[in-house]
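Asks: For reference, the file data-v1.txt (compact mmCIF, C-alpha atoms (C1' of nucleotides)) is included below:
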# COMPACT_ATOMS: atom_id res chain seq x y z
CA MET A 1 25.99 19.34 31.91
CA PRO A 2 23.24 18.33 29.63
CA GLU A 3 20.01 19.63 31.11
CA LEU A 4 16.67 20.56 29.61
CA PRO A 5 17.97 23.09 27.04
CA GLU A 6 20.84 20.86 25.93
CA VAL A 7 18.66 17.79 25.50
CA GLU A 8 15.98 19.84 23.73
CA THR A 9 18.64 21.09 21.33
CA ILE A 10 19.64 17.50 20.62
CA LYS A 11 16.00 16.55 20.17
CA LEU A 12 15.38 19.24 17.59
CA GLN A 13 18.34 18.14 15.50
CA LEU A 14 17.51 14.45 15.77
CA GLN A 15 14.02 15.32 14.66
CA LYS A 16 15.47 16.97 11.60
CA PHE A 17 18.05 14.31 10.77
CA LEU A 18 16.26 11.12 11.73
CA VAL A 19 12.63 11.95 11.08
CA GLY A 20 12.78 14.84 8.66
CA LEU A 21 10.41 17.72 8.23
CA PRO A 22 6.90 16.94 7.11
CA ARG A 23 6.53 17.36 3.38
CA GLY A 24 3.02 17.41 2.11
CA GLY A 25 1.85 16.01 5.41
CA ALA A 26 3.88 12.82 5.16
CA VAL A 27 6.95 12.14 7.28
CA ARG A 28 9.34 9.39 6.33
CA GLY A 29 12.00 8.77 8.92
CA HIS A 30 15.26 6.88 8.60
CA LYS A 31 15.15 3.13 8.94
CA ILE A 32 17.45 1.41 11.41
CA GLU A 33 19.31 -1.35 9.62
CA LYS A 34 21.80 -2.44 12.23
CA VAL A 35 22.71 -1.71 15.83
CA GLN A 36 26.26 -2.25 17.00
CA VAL A 37 26.91 -2.30 20.74
CA ASN A 38 30.56 -2.01 21.70
CA TYR A 39 30.06 -1.56 25.43
CA PRO A 40 27.15 -3.74 26.60
CA LYS A 41 26.79 -2.15 30.02
CA ILE A 42 25.40 1.00 28.43
CA PHE A 43 22.77 -0.83 26.40
CA ILE A 44 19.76 -2.28 28.19
CA GLY A 45 17.14 -4.39 26.45
CA ASP A 46 16.96 -6.15 23.11
CA LYS A 47 18.66 -4.28 20.29
CA ASN A 48 16.96 -6.58 17.79
CA LYS A 49 13.67 -4.87 18.61
CA ALA A 50 15.06 -1.75 16.94
CA ILE A 51 16.41 -3.39 13.82
CA GLY A 52 14.34 -3.11 10.66
CA THR A 53 12.12 -0.39 12.09
CA ARG A 54 11.44 3.12 10.88
CA ILE A 55 11.82 6.12 13.15
CA LEU A 56 8.50 7.87 13.75
CA GLY A 57 9.48 10.68 16.06
CA ILE A 58 11.66 11.99 18.87
CA ARG A 59 10.33 12.97 22.28
CA ARG A 60 12.02 14.47 25.31
CA PHE A 61 11.12 13.98 28.94
CA ALA A 62 13.20 16.36 31.06
CA LYS A 63 16.77 15.22 30.28
CA VAL A 64 15.74 11.95 28.63
CA LEU A 65 15.23 11.30 24.92
CA SER A 66 12.90 8.77 23.35
CA ILE A 67 13.28 7.69 19.74
CA ASP A 68 9.95 6.18 18.83
CA LEU A 69 9.88 3.36 16.30
CA ASP A 70 7.12 2.06 14.05
CA ASN A 71 6.88 -1.34 15.76
CA GLY A 72 5.68 -0.14 19.15
CA PHE A 73 9.11 0.11 20.70
CA SER A 74 11.21 3.12 21.65
CA ILE A 75 14.89 3.72 22.21
CA VAL A 76 15.24 5.63 25.47
CA ILE A 77 18.47 7.54 25.86
CA GLN A 78 19.84 9.18 28.97
CA ILE A 79 23.11 10.93 28.10
CA LYS A 80 23.90 12.06 31.63
CA LEU A 81 27.26 13.81 31.88
CA THR A 82 29.23 12.99 28.79
CA GLY A 83 26.99 11.16 26.36
CA GLN A 84 26.97 12.45 22.77
CA LEU A 85 24.68 11.62 19.86
CA ILE A 86 26.38 12.37 16.56
CA TYR A 87 24.69 12.05 13.20
CA ARG A 88 26.61 11.57 9.98
CA GLY A 89 24.82 11.14 6.72
CA PRO A 90 22.92 12.57 3.79
CA ASP A 91 20.62 14.84 5.77
CA LEU A 92 23.50 16.80 7.25
CA SER A 93 23.06 20.24 5.79
CA SER A 94 26.27 22.07 6.75
CA LYS A 95 29.78 20.87 6.01
CA GLY A 96 29.33 18.65 9.02
CA GLN A 97 32.54 19.59 10.76
CA LEU A 98 33.07 18.00 14.12
CA SER A 99 33.78 20.02 17.22
CA GLU A 100 36.89 19.07 19.16
CA LYS A 101 34.52 18.26 21.95
CA VAL A 102 33.33 15.17 20.13
CA THR A 103 35.44 12.99 22.38
CA GLY A 104 37.64 10.68 20.39
CA GLY A 105 35.88 11.43 17.10
CA VAL A 106 33.37 9.14 15.36
CA PRO A 107 33.77 6.34 15.34
CA GLY A 108 36.40 6.51 18.06
CA LYS A 109 37.50 4.90 21.26
CA HIS A 110 34.56 6.45 23.12
CA THR A 111 31.95 5.29 20.61
CA HIS A 112 29.93 2.67 22.45
CA VAL A 113 26.84 2.24 20.30
CA ILE A 114 26.35 2.73 16.55
CA PHE A 115 23.00 2.84 14.79
CA TYR A 116 23.36 2.17 11.08
CA LEU A 117 20.50 3.76 9.17
CA ASP A 118 19.24 3.50 5.62
CA LYS A 119 20.42 5.95 2.96
CA GLY A 120 23.91 5.85 4.47
CA GLY A 121 23.01 7.59 7.70
CA ILE A 122 24.75 6.72 10.96
CA LEU A 123 23.99 7.73 14.53
CA TYR A 124 26.90 7.38 16.93
CA TYR A 125 26.71 7.29 20.70
CA ASN A 126 29.92 8.50 22.35
CA ASP A 127 30.38 8.63 26.10
CA VAL A 128 33.71 9.22 27.80
CA ARG A 129 32.55 8.40 31.28
CA LYS A 130 30.08 5.71 30.32
CA PHE A 131 27.42 7.00 32.70
CA GLY A 132 24.77 7.25 30.02
CA ARG A 133 22.21 4.54 29.31
CA ILE A 134 20.33 3.44 26.22
CA SER A 135 17.39 1.09 26.56
CA VAL A 136 14.77 -0.42 24.31
CA VAL A 137 11.29 -0.44 25.81
CA LYS A 138 7.70 -0.52 24.62
CA THR A 139 6.60 2.96 23.56
CA LYS A 140 3.55 2.80 25.78
CA ASP A 141 5.78 2.14 28.79
CA VAL A 142 8.28 4.96 28.25
CA GLU A 143 6.41 7.46 30.40
CA LYS A 144 5.39 4.99 33.05
CA THR A 145 8.52 3.07 33.86
CA GLY A 146 12.05 3.62 35.07
CA PHE A 147 13.50 7.05 35.52
CA VAL A 148 11.04 8.75 33.20
CA GLY A 149 8.17 7.37 35.26
CA LYS A 150 9.45 9.15 38.35
CA LEU A 151 10.04 12.56 36.78
CA GLY A 152 8.31 15.56 38.24
CA PRO A 153 6.58 18.16 36.03
CA GLU A 154 8.87 20.22 33.87
CA PRO A 155 9.08 23.90 32.95
CA PHE A 156 7.29 24.93 29.72
CA LYS A 157 5.26 21.74 29.94
CA ASP A 158 3.27 20.73 32.98
CA LEU A 159 4.98 22.64 35.79
CA THR A 160 2.62 25.14 37.38
CA LEU A 161 3.33 27.89 39.89
CA ASP A 162 0.92 26.36 42.38
CA TYR A 163 2.66 23.01 42.26
CA PHE A 164 6.08 24.70 42.48
CA LYS A 165 5.08 26.62 45.59
CA ASP A 166 3.63 23.52 47.12
CA VAL A 167 6.79 21.46 46.60
CA LEU A 168 9.06 24.19 47.91
CA SER A 169 7.05 24.78 51.05
CA LYS A 170 7.06 21.13 52.04
CA THR A 171 10.74 20.51 52.60
CA SER A 172 13.61 21.93 54.59
CA ARG A 173 16.26 20.74 52.15
CA ALA A 174 18.49 23.36 50.56
CA ILE A 175 16.58 25.12 47.78
CA LYS A 176 19.21 24.28 45.17
CA VAL A 177 19.02 20.59 46.00
CA VAL A 178 15.23 20.70 45.56
CA LEU A 179 15.51 22.41 42.18
CA MET A 180 17.78 19.64 40.97
CA ASP A 181 15.62 16.83 42.33
CA GLN A 182 14.26 15.31 39.12
CA THR A 183 11.39 13.65 40.92
CA LYS A 184 10.16 17.07 42.04
CA ILE A 185 10.94 19.17 38.96
CA GLY A 186 12.14 17.69 35.70
CA GLY A 187 14.97 19.06 33.62
CA VAL A 188 16.83 21.50 35.86
CA GLY A 189 20.46 20.59 36.57
CA ASN A 190 23.46 22.28 38.08
CA ILE A 191 24.09 25.09 35.60
CA TYR A 192 20.54 26.41 35.38
CA ALA A 193 19.83 25.89 39.09
CA ASN A 194 22.81 28.08 39.95
CA ASP A 195 21.87 30.75 37.44
CA ALA A 196 18.19 30.79 38.36
CA LEU A 197 19.01 31.26 42.05
CA TRP A 198 21.33 34.12 41.24
CA LEU A 199 18.70 35.75 39.06
CA ALA A 200 16.11 35.42 41.84
CA LYS A 201 18.64 36.69 44.42
CA ILE A 202 18.23 33.63 46.60
CA ASN A 203 21.06 31.94 48.46
CA PRO A 204 21.35 28.30 47.32
CA LYS A 205 21.74 27.10 50.91
CA ARG A 206 18.40 28.48 52.07
CA PRO A 207 15.97 25.89 53.38
CA SER A 208 13.40 25.47 50.65
CA LEU A 209 10.46 26.16 52.96
CA SER A 210 11.96 29.47 54.09
CA LEU A 211 11.23 31.15 50.76
CA SER A 212 8.50 33.76 50.87
CA PRO A 213 5.62 33.55 48.35
CA ASN A 214 7.23 36.38 46.46
CA GLU A 215 10.59 34.60 46.34
CA GLN A 216 8.91 31.45 45.14
CA LYS A 217 7.38 33.38 42.27
CA GLU A 218 10.69 35.12 41.49
CA LEU A 219 12.46 31.78 41.40
CA TYR A 220 9.77 30.21 39.24
CA ASP A 221 10.13 33.01 36.72
CA ALA A 222 13.93 32.89 36.95
CA ILE A 223 13.99 29.19 36.10
CA HIS A 224 11.96 29.80 32.97
CA LYS A 225 14.12 32.75 32.04
CA VAL A 226 17.47 30.94 32.30
CA LEU A 227 16.16 27.85 30.54
CA LYS A 228 14.92 30.06 27.73
CA GLU A 229 18.37 31.62 27.46
CA GLY A 230 19.89 28.14 27.39
CA LEU A 231 17.57 27.18 24.55
CA LYS A 232 18.36 30.37 22.69
CA TYR A 233 22.08 29.61 22.77
CA GLY A 234 21.62 25.95 21.90
CA GLY A 235 22.74 24.72 25.30
CA ALA A 236 25.96 24.94 27.25
CA SER A 237 28.98 23.10 25.86
CA GLU A 238 30.76 22.95 29.13
CA LEU A 239 32.21 19.47 29.61
CA ALA A 240 31.19 17.35 26.64
CA PHE A 241 27.90 18.65 25.26
CA VAL A 242 27.72 18.71 21.47
CA THR A 243 24.78 18.60 19.08
CA PRO A 244 24.06 15.78 16.61
CA ASP A 245 25.56 17.79 13.75
CA GLY A 246 28.84 17.86 15.68
CA SER A 247 28.81 21.49 16.75
CA GLU A 248 28.63 23.20 20.13
CA GLY A 249 26.15 25.24 22.10
CA ASN A 250 27.02 28.68 23.37
CA TYR A 251 25.35 29.19 26.73
CA GLN A 252 28.63 28.50 28.54
CA ASN A 253 29.69 32.00 27.45
CA HIS A 254 26.55 33.53 28.88
CA THR A 255 26.20 31.96 32.31
CA LEU A 256 25.22 34.30 35.13
CA VAL A 257 27.24 32.69 37.93
CA TYR A 258 27.94 29.12 36.91
CA GLY A 259 31.69 28.58 36.61
CA ARG A 260 32.39 32.20 37.46
CA ASP A 261 33.98 31.80 40.87
CA GLY A 262 36.56 34.49 41.49
CA GLU A 263 34.86 36.96 39.13
CA PHE A 264 33.04 39.99 40.47
CA CYS A 265 29.28 39.62 40.69
CA ASP A 266 27.74 41.01 37.55
CA ARG A 267 24.92 42.65 39.48
CA CYS A 268 26.30 44.21 42.66
CA HIS A 269 29.94 44.44 41.51
CA LYS A 270 30.92 44.45 45.17
CA VAL A 271 32.18 40.97 45.86
CA LYS A 272 33.46 37.95 44.00
CA ILE A 273 31.40 34.88 43.16
CA LEU A 274 32.01 32.07 45.61
CA LYS A 275 32.16 28.38 44.91
CA ILE A 276 30.99 26.00 47.61
CA PHE A 277 29.79 22.42 47.69
CA LEU A 278 26.15 21.69 48.21
CA GLY A 279 24.54 18.33 47.77
CA GLY A 280 27.89 17.13 46.48
CA ARG A 281 27.95 19.58 43.58
CA GLY A 282 29.84 22.70 42.75
CA THR A 283 27.63 25.64 43.67
CA TYR A 284 28.25 29.23 42.61
CA PHE A 285 26.66 32.30 44.13
CA CYS A 286 27.15 35.91 45.14
CA PRO A 287 27.35 36.14 48.94
CA ALA A 288 26.39 39.81 48.82
CA CYS A 289 23.23 39.88 46.75
CA GLN A 290 21.89 36.36 47.18
CA ARG A 291 20.16 36.27 50.54
C1' DC B 1 12.23 12.80 56.19
C1' DT B 2 17.09 14.40 55.71
C1' DA B 3 22.20 14.60 55.17
C1' DG B 4 26.08 12.52 53.74
C1' DG B 5 28.96 9.20 51.53
C1' DA B 6 30.02 5.64 48.06
C1' DT B 7 29.42 4.10 43.36
C1' DC B 8 30.02 4.30 38.42
C1' DC B 9 34.13 6.23 34.88
C1' DT B 10 38.07 8.64 32.85
C1' DG B 11 40.24 13.07 31.28
C1' DT B 12 42.46 16.66 33.45
C1' DC B 13 45.28 18.83 36.47
C1' DA B 14 48.08 19.60 40.73
C1' DG B 15 52.02 18.09 43.15
C1' DC B 16 56.31 16.02 43.53
C1' DT C 1 59.57 14.28 32.10
C1' DG C 2 56.69 11.09 34.17
C1' DC C 3 54.20 9.16 37.71
C1' DT C 4 50.59 9.25 41.33
C1' DG C 5 46.53 10.78 43.27
C1' DA C 6 42.62 13.77 43.72
C1' DC C 7 38.57 15.33 41.54
C1' DA C 8 34.07 16.29 39.04
C1' DG C 9 29.39 15.06 38.34
C1' DG C 10 23.63 12.81 37.28
C1' DA C 11 21.41 9.53 39.35
C1' DT C 12 21.12 5.67 42.54
C1' DC C 13 21.80 3.22 46.54
C1' DC C 14 23.02 2.72 51.29
C1' DT C 15 23.83 4.17 56.06
C1' DA C 16 23.19 7.09 59.96
So, in terms of structure tokens, how does the structure I just supplied come out?

Replies:
Amino acid sequence: MPELPEVETIKLQLQKFLVGLPRGGAVRGHKIEKVQVNYPKIFIGDKNKAIGTRILGIRRFAKVLSIDLDNGFSIVIQIKLTGQLIYRGPDLSSKGQLSEKVTGGVPGKHTHVIFYLDKGGILYYNDVRKFGRISVVKTKDVEKTGFVGKLGPEPFKDLTLDYFKDVLSKTSRAIKVVLMDQTKIGGVGNIYANDALWLAKINPKRPSLSLSPNEQKELYDAIHKVLKEGLKYGGASELAFVTPDGSEGNYQNHTLVYGRDGEFCDRCHKVKILKIFLGGRGTYFCPACQR
DNA sequence: CTAGGATCCTGTCAGC
DNA sequence: TGCTGACAGGATCCTA
């Protein structure tokens, strides 16, 4: 599922395609000429606020993207499970081949929003399950309102070990559920929560407050380590994750436990990875070495 | 405060 | 073969 590394990978490409690299200090982004909404439920706010503007930059808040425009408004995009942002146009460097994972192609039956840009560029929003949301809000309100306003600090940004320890020691909820609570820590979802817990040798069912100071530190480091791996591989293209150029990430081939139920644990080699349900989500762990 | 379930959606897959 | 039904899953909302 798209989590911090996946959304960061999207952000980097959008930055390249929609804003461009600074040349001689000046950055000239694409202009948005038209916005076509095929499925209104996904689109919140006034699309006209985006029309005729130039794109200044792309920001990411945990799993949320913000496309900042030159008129004081921003397009906030939450892709959730199956949302895809696909760019087609002149700035596409490679041959621009589309992965089969681009559900329905572009444009296709799962294309719900289309941003027509200047210079022949187009940004498509595909979403099979229609869980994603795109909204137009004032740039100054992006960080304060809605889901983004409630986000907890995120790894590599403002998450500190002290805060992490504090949050963990204050609740009896299962540790994995706490890791995935976006209001406590931003950006960690199912894949990386599973992998981080395996790396730190902690059972996902453990009450959060039962972790020792040393385990808290191990887990903190493990989170950063697995997210870094995710970033290195350009995200995990399990389910429907693709990048704006239409290609896939590769972390799905490098997961530590996620999706590996039935395989022998890669560390102790003694038992097979189990899959259970925790907080309503598939949870993978090694019953022998995760205590 | 916490756990658990329902909701939103539809492709995929198991079962018959 | 073709139909039916269960299921996953991020975030939210509701109930117990």

Asks: Please measure the separation of CA of Gly83 (chain A) and CA of Leu18 (chain A), giving the value in Å to one decimal.

Replies: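 Answer for the CA of Gly83 (chain A) to CA of Leu18 (chain A) separation: 18.1 Å.
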
Asks: Between region 95-119 of chain A and region 9-14 of chain B, at 12 Å or less, what are the per-residue closest atom pairs and their distances in Å? Count only C-alpha atoms (C1' of nucleotides), order by chain and rising residue number, and return it as JSON lines.

Replies:
{"residue": "A:Thr103", "atom": "CA", "partner": "B:DG11", "partner_atom": "C1'", "distance": 10.1}
{"residue": "A:Gly104", "atom": "CA", "partner": "B:DG11", "partner_atom": "C1'", "distance": 11.4}
{"residue": "A:His110", "atom": "CA", "partner": "B:DT10", "partner_atom": "C1'", "distance": 10.6}

Asks: Specify as a list in words all residues of chain A found within 9 Å of chain B, counting all atoms listed in the file.

Replies: Val128, Arg129, Lys130, Phe131, Thr171, Ser172, Arg173, Gly279 and Gly280 of chain A

Asks: Pick out the residues sitting within 7 Å of region 149-159 of chain A, and hand them over as a list in words; count only C-alpha atoms (C1' of nucleotides), and ignore anything fewer than 5 positions along from it in its own chain.

Replies: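 The residues that qualify are Ala62, Glu143, Lys144, Gln182, Thr183, Lys184, Ile185, Gly186, Gly187 and His224 of chain A.
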
Asks: Could those residues be written to a file, using C-alpha atoms, as a tab-separated table (two decimals), in the coordinates of the input?

Replies:
chain	number	residue	atom	x	y	z
A	62	ALA	CA	13.20	16.36	31.06
A	143	GLU	CA	6.41	7.46	30.40
A	144	LYS	CA	5.39	4.99	33.05
A	182	GLN	CA	14.26	15.31	39.12
A	183	THR	CA	11.39	13.65	40.92
A	184	LYS	CA	10.16	17.07	42.04
A	185	ILE	CA	10.94	19.17	38.96
A	186	GLY	CA	12.14	17.69	35.70
A	187	GLY	CA	14.97	19.06	33.62
A	224	HIS	CA	11.96	29.80	32.97

Asks: Sort by chain and increasing residue number a table of all residues of chain A within 10 Å of chain C, each with its closest pair of atoms and their distance in Å to one decimal, counting all atoms listed in the file, and write it as a tab-separated table.

Replies:
residue	atom	partner	partner_atom	distance
A:Met1	CA	C:DG9	C1'	8.4
A:Pro2	CA	C:DG10	C1'	9.4
A:Glu3	CA	C:DG10	C1'	9.9
A:Gln78	CA	C:DG10	C1'	9.8
A:Ile79	CA	C:DG10	C1'	9.4
A:Lys80	CA	C:DG10	C1'	5.7
A:Leu81	CA	C:DG10	C1'	6.6
A:Thr82	CA	C:DG9	C1'	9.8
A:Phe131	CA	C:DG10	C1'	8.3
A:Gly132	CA	C:DG10	C1'	9.2
A:Phe147	CA	C:DA11	C1'	9.1
A:Met180	CA	C:DG10	C1'	9.7
A:Asp181	CA	C:DA11	C1'	9.8
A:Gln182	CA	C:DA11	C1'	9.2
A:Gly189	CA	C:DG10	C1'	8.4
A:Asn190	CA	C:DG9	C1'	9.3
A:Gly280	CA	C:DG9	C1'	8.5
A:Arg281	CA	C:DG9	C1'	7.1
A:Gly282	CA	C:DA8	C1'	8.5

Asks: I need the residue nearest Leu161 (chain A) from this list: A:Asn250, A:Thr111, A:Asn203, A:Asn214. Use only C-alpha atoms for the distance.

Replies: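 Looking only at the distances to Leu161 (chain A), the closest residue turns out to be A:Asn214.
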
Asks: Taking all atoms of region 4-14 of chain C that the file lists, what box with edges along x, y and z, padded by 4 Å per side, do you get, with centre and edge lengths in Å to one decimal, as AutoDock Vina command-line options?

Replies:
--center_x 35.9 --center_y 9.5 --center_z 44.3 --size_x 37.5 --size_y 21.6 --size_z 22.0

Asks: Could you check how far CA of Leu274 (chain A) sits from CA of Tyr258 (chain A), in Å to one decimal?

Replies: 10.0 Å

Asks: Can you check which parts of region 3-75 of chain A lie within 12 Å of region 226-241 of chain A? Per residue, the shortest pair of atoms and distance in Å to one decimal, counting all atoms listed in the file, sorted by chain and number, as CSV.

Replies:
residue,atom,partner,partner_atom,distance
A:Glu3,CA,A:Gly235,CA,8.2
A:Leu4,CA,A:Leu227,CA,7.4
A:Pro5,CA,A:Leu231,CA,4.8
A:Glu6,CA,A:Gly235,CA,4.3
A:Val7,CA,A:Gly235,CA,8.0
A:Glu8,CA,A:Leu231,CA,7.6
A:Thr9,CA,A:Gly234,CA,5.7
A:Ile10,CA,A:Gly234,CA,8.8
A:Lys11,CA,A:Gly234,CA,11.1
A:Leu12,CA,A:Gly234,CA,10.1
A:Gln13,CA,A:Gly234,CA,10.6
A:Ala62,CA,A:Leu227,CA,11.9

Asks: Grab the CA of Cys289 (chain A) to CA of Cys268 (chain A) distance for me, in Å with one decimal place.

Replies: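 These two atoms are separated by 6.7 Å.
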
Asks: Quick one: of A:Lys138, A:Arg206, A:Lys170, A:Lys119, who's nearest to Arg88 (chain A), counting all atoms listed in the file?

Replies: A:Lys119

Asks: Neighbouring residues of region 67-77 of chain A were defined as those with any atom within 7 Å, considering only C-alpha atoms (C1' of nucleotides); residues of the same chain fewer than 4 positions away were excluded. Please report them as a compact mmCIF listing (two decimals) with C-alpha atoms, keeping the file's coordinate frame.

Replies:
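Output (out-v1.txt):
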# COMPACT_ATOMS: atom_id res chain seq x y z
CA THR A 53 12.12 -0.39 12.09
CA ARG A 54 11.44 3.12 10.88
CA ILE A 55 11.82 6.12 13.15
CA LEU A 56 8.50 7.87 13.75
CA GLY A 57 9.48 10.68 16.06
CA ILE A 58 11.66 11.99 18.87
CA ARG A 59 10.33 12.97 22.28
CA ARG A 133 22.21 4.54 29.31
CA ILE A 134 20.33 3.44 26.22
CA SER A 135 17.39 1.09 26.56
CA VAL A 136 14.77 -0.42 24.31
CA VAL A 137 11.29 -0.44 25.81
CA LYS A 138 7.70 -0.52 24.62
CA THR A 139 6.60 2.96 23.56
